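Below is one structure, written out as structure tokens, with a few remarks after it.
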Amino acid sequence: MNNSSFFKAVPALLWQFLFFYIPLLFVVVLSFTDGTTSGFTLKNYALLFDSVYGSIVLRSLILAFLTATLCLLIGYPLAYFIALKKRSLKNVFLFFIILPFWTNLLVLTYAWFFILDRDGLLNSLLMNIGVINEPLALINNFFAIMIVMFYCYLPFMIMPLFSVLEKFDLNLIEASKDLGANQWQTLWNVIIPITMPGIKAGFLLVFVPAFGEFVIPLLVGGDKYMFVGTLISHYFLIGQNKFAGSAFTVLSSCVLFVVVFFVSIFVQKLFPSHREIRETEL
Amino acid sequence: MNFLKKMALPMFVFLVFAFLYLPIIVLIVFSCNKIAFPYRWAGFSLEWYRELLESTEIWHAVKNSLIVALSAVFLSLTMGLTFIFYTARTKYEKVIPFFYGNLVFPEIILAVSLLALFTFFAIPTGLLALIAAHTVLAFGFVVPILAARFQELDYSIIEASLDLGASLNQTFIRIVIPLLLPALVAAGLLVFVISFDDFLLAFFCAGTSAQTLPLYIFALIRTGISPVINALSTLLLVVSSVGVLIFCSLKSKIRIF
Amino acid sequence: MKSIRLENIKKSYNGDVILENLNLTIPAGQFFALLGPSGCGKTTVLRLIGGFEEVNEGDIFLGEENITHLPSNKRHINTVFQNYALFPHLNVFDNVAYSQKIKGLSREVIAQKVNKVLKTVHLEHHKNKFINQLSGGQKQRVALARAIINEPDVLLLDEPLTALDLKLREKVLIELIDLQSKLQTTFVYVTHDQFEALTVADQMAIMNQDGQIEQIGTPKEIYEFPVSIFVAKFVGTTNILKGIFHNGSTPQIELPGLGFFQLAVPENKELVEGKSIYISLRPEKIWISIPETPGFSNHLTGVVESIVYQGRSTQYNVRLKNDHLLSIFEQNEEHFPRQVIDYGSTVNVYWQKENAVLLEK
């Protein structure tokens, strides 16, 4: 191919650098500076050694982990069910799975708000029937956050799962049964290992954004809890302290990557993909 | 017993779907409710829709969202496609993973970094800044999708075009774009939706001057529950359905996920 | 019509050397076949000529013009790809018209040229069809039409018949020969199938596994007078017998365990007494018979171990006294053959010394 026409590819690269890599770099640089002219400083990072920050990061990690796990546990059977259907039916199911994904996050969050609020639908209904006398505190707490997180992130888990399950060779299931395995053994020994790439992808696709989620806790969490996302936005928008904010951003990103890295390695050891097995045997 | 076993998975799926659509149905139903409070059915009414359509603020926000979304689609598709065509399968193809990072970071980190950059260099926030941000976000989807689809192309078709005398540019226009069209449309739809629905980047980069639809909805939600939001949500749902229909029909022709 | 000349070509891929010191001249206006086993580098040669790969060293000439660094779209050479590479979003007419549209010719001229070419390949009634509506043979003809409409100096064909079934293959081969003689364009035909090469070629070259050309010649020269064991084995089937050269009153070859046999030595060949040599003996040039037959320079006996009926001929595999298995083809000339050779029969095997080819490697 003609090498001199590479310059046509440059605009995209330039854009990516200007609006992705440079801003990130900028934040890293900011984290090491102060508003004053003193230059390189670790002051911002020193501030972070308060346990408050640690608990915020931990809380976000737990939230992300719970969300991803819940999405996986519920999403996997769902994706399995749909992927094995015939083509036309499959597309119908797919349509109904994707539709919530294409609906505005705020709108969906609002809908849950509508349902779970003190004066909301669920409480009104339950009180009218007489099941309860006082409205349940279903909103503005961790429970509400979990439900809405799960609801919004489920499609992100389903899509990669669906993609690997769709390509799954059904003959393998028959072979497994033929060799005497029951349903659960087949699931654990055959289906899950082979679809592991999809599981990993889905888990990451949920875990990483969920870690930094800020809107959902804000709307249905009632500002009761601080998460990484809310704290970052606090620093930059309300607190106007972009230096400490940058340090916190950098630090929590590092924590995120370290966690993801170790979890991937852990999962790899636990469930090596068949490609990896072949390589180690060679 | 066997019957229960067989029905277990379908029942489970049914429950999940019920859960998925509960809020949506609730939204739609109560968008036609005569009264706002309390939450019981008082009769069918379209007055919330009327109130919605009469509000000028909404349409202003919709217009802004459309401008941003369409610009992001256009920019990301043109730049992304040219990028892929001139780097894939050449010695520059190692540059392609540069764009995979966009999905690796939580969006909020991108949002604050852009904000920090913009304020430092005194670049005004607003629609243009938002367009720049959304285009970057879009790259994270467009580049992998197009790269994968381009990789699946039968490369000898491009060689055949060159063999028959066409230049690289002519090949790009006459052969590659038509063949990649389903992927382009699907990626474009994806970008449009992500941009149109995006709240986070808009929250940080649009500033006070430009209000997009998600920002408008957010402001509205903050003031409390109102059936007008339900009405708006229902309308958006209908529009989204059309988009998803198109997307699904294209998905059967290409592999996106 | 122009000739192609490759001089000192070196081509490597990721460190693997595929071609080295390759020199080849393809004469103008001929149907030239490049034959070799899969993976030998013959497709690489084609791609270098077509401009889809760049040489590491060496030069390529089209006629007298050095085209080594000319991009493929500027070379006056066209290719028929192995999988046809037809444009799926264009119909037959537009596929064929593509190169002319690029040139910027007027619609009327294009229509005229396309219709003429479609007629040549017998596709004029399919011109509005799309590629996925065509059969394999039809797709192949579209690929051909698309390539020749440009009236290139050289037409490259990369294993064009691989995707077709046997009956179609034979038909298309004949059509290709007719086409070439009509157009008088230089055709370069790459294949691993020796039957195809022998059928179409005016001249052919055999390439071995290491990317080196072992022999160039007409199909008859190559088949009847191979210069190496590789060529003898690759083109057609043969029996290779290893022995020792003896220069007595007449040149002879001693086959271990079997005795001495008459040998025909080519005029300029000088051989040392006791040298290790081979002869290539084609199965159809061996006479098999149960009773003894006079008049042959060489004679062996053996036992029939297997018989394969092949329609036109029957193949007998005969076990000789030194345990070597000899392949013999006998044409089935008679419906009711006068002698019946059966499993386990002891047979006499004869050949004329002129029909065995002396090989040194």
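Every chain in the structure tokens has a letter given in the order shown (A, B, ...), and although residue numbers restart at 1 in each chain, ligands are simply numbered from 1 in the order shown.
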
Using only C-alpha atoms, determine which residues lie at most 9 Å from Pro27 of chain C, disregarding the query and same-chain residues fewer than 6 positions distant; provide the list as a count of residues only. 6

Check every residue of chain C for an atom within 10 Å of chain B, counting only C-alpha atoms, and provide those that qualify as a PyMOL selection string. chain C and resi 50-52+71-90+95-103+143+146-150+152

How far is it from atom CA of Pro214 of chain B to atom CA of Ala133 of chain B, in Å with one decimal?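 Separating atom CA of Pro214 of chain B from atom CA of Ala133 of chain B is a distance of 15.5 Å.
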
Write out as a Markdown table the residues of chain B that have any atom within 6 Å of an atom of chain A, one row each with the nearest atom pair and its distance in Å to one decimal, counting only C-alpha atoms, sorted by chain and then rising number.
```
| residue | atom | partner | partner_atom | distance |
| --- | --- | --- | --- | --- |
| B:Val13 | CA | A:Leu78 | CA | 5.8 |
| B:Pro23 | CA | A:Ala111 | CA | 5.3 |
| B:Tyr39 | CA | A:Leu121 | CA | 5.7 |
| B:Met79 | CA | A:Ala12 | CA | 5.1 |
| B:Thr82 | CA | A:Ala9 | CA | 5.7 |
| B:Phe83 | CA | A:Ala9 | CA | 4.0 |
| B:Tyr86 | CA | A:Phe6 | CA | 5.7 |
| B:Pro106 | CA | A:Pro209 | CA | 4.5 |
| B:Ser113 | CA | A:Pro23 | CA | 4.9 |
| B:Leu114 | CA | A:Pro23 | CA | 5.4 |
| B:Leu117 | CA | A:Pro23 | CA | 5.7 |
| B:Asp197 | CA | A:Asn104 | CA | 5.1 |
| B:Phe257 | CA | A:Pro160 | CA | 5.9 |
```

Using the chain letters and numbers from this document, which residues of segment 51-201 of chain C does DSSP assign to strand (DSSP E or B), as number ranges by chain? C: 57-62, 65-66, 77-80, 91, 130, 154-158, 186-191

What does the file look like for those residues with C-alpha atoms, as a tab-separated table (two decimals), in the first residue's frame?
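Generated output (again13.tsv):
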```
chain	number	residue	atom	x	y	z
C	57	GLU	CA	16.35	-6.94	-4.41
C	58	GLY	CA	16.29	-7.29	-8.15
C	59	ASP	CA	14.43	-5.87	-11.10
C	60	ILE	CA	11.30	-6.60	-13.04
C	61	PHE	CA	10.97	-5.66	-16.66
C	62	LEU	CA	7.86	-5.40	-18.75
C	65	GLU	CA	10.54	-1.01	-19.27
C	66	ASN	CA	11.75	-1.38	-15.70
C	77	ILE	CA	-0.76	-5.72	-16.22
C	78	ASN	CA	-4.01	-7.22	-15.00
C	79	THR	CA	-4.72	-10.10	-12.66
C	80	VAL	CA	-7.35	-12.78	-12.38
C	91	ASN	CA	-23.25	-6.00	-10.90
C	130	PHE	CA	-25.10	-9.33	-9.04
C	154	VAL	CA	0.36	-9.29	-19.62
C	155	LEU	CA	-2.47	-11.20	-17.94
C	156	LEU	CA	-1.71	-12.92	-14.64
C	157	LEU	CA	-3.84	-15.85	-13.56
C	158	ASP	CA	-3.48	-17.09	-9.98
C	186	THR	CA	1.12	-12.88	-22.68
C	187	PHE	CA	-0.62	-15.12	-20.14
C	188	VAL	CA	1.17	-16.09	-16.94
C	189	TYR	CA	-0.67	-18.97	-15.33
C	190	VAL	CA	0.28	-20.11	-11.85
C	191	THR	CA	-0.84	-23.49	-10.61
```

Residues within 12 Å of Leu166 of chain C, please, as a VMD selection string. Count only C-alpha atoms; anything in the same chain fewer than 4 positions from it doesn't count. chain C and resid 137 161 to 162 170 to 173 195 to 196

Would you list the contacts of segment 278-290 of chain C as a compact mmCIF listing (two decimals) with C-alpha atoms, in the first residue's frame, taking every protein, DNA or RNA residue within 7 Å and counting only C-alpha atoms, but skipping same-chain residues closer than 6 positions in sequence?
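Once everything was written out, this is part_32.txt:
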```txt
# COMPACT_ATOMS: atom_id res chain seq x y z
CA ALA C 232 10.19 -36.05 -13.06
CA THR C 237 4.06 -40.11 -12.23
CA THR C 238 7.29 -41.95 -12.74
CA ASN C 239 9.47 -44.74 -11.48
CA ILE C 240 12.83 -43.61 -10.17
CA LEU C 241 15.46 -46.30 -10.16
CA LYS C 242 18.80 -45.76 -8.53
CA GLY C 243 21.90 -47.45 -9.82
CA SER C 327 4.32 -48.72 -11.50
CA ILE C 328 3.09 -49.59 -14.96
CA PHE C 329 0.26 -48.06 -16.98
CA GLU C 330 -1.37 -50.14 -19.63
CA THR C 346 4.25 -63.34 -12.53
CA VAL C 347 4.82 -60.91 -15.37
CA ASN C 348 7.51 -59.82 -17.73
CA VAL C 349 8.30 -56.13 -17.81
CA TYR C 350 10.10 -54.46 -20.73
CA TRP C 351 11.29 -51.04 -21.72
CA ASN C 355 12.49 -44.25 -22.97
CA ALA C 356 14.34 -44.02 -19.70
CA VAL C 357 15.69 -40.60 -18.78
CA LEU C 358 19.07 -40.35 -17.12
CA LEU C 359 19.10 -38.13 -14.07
CA GLU C 360 21.87 -37.08 -11.79
```
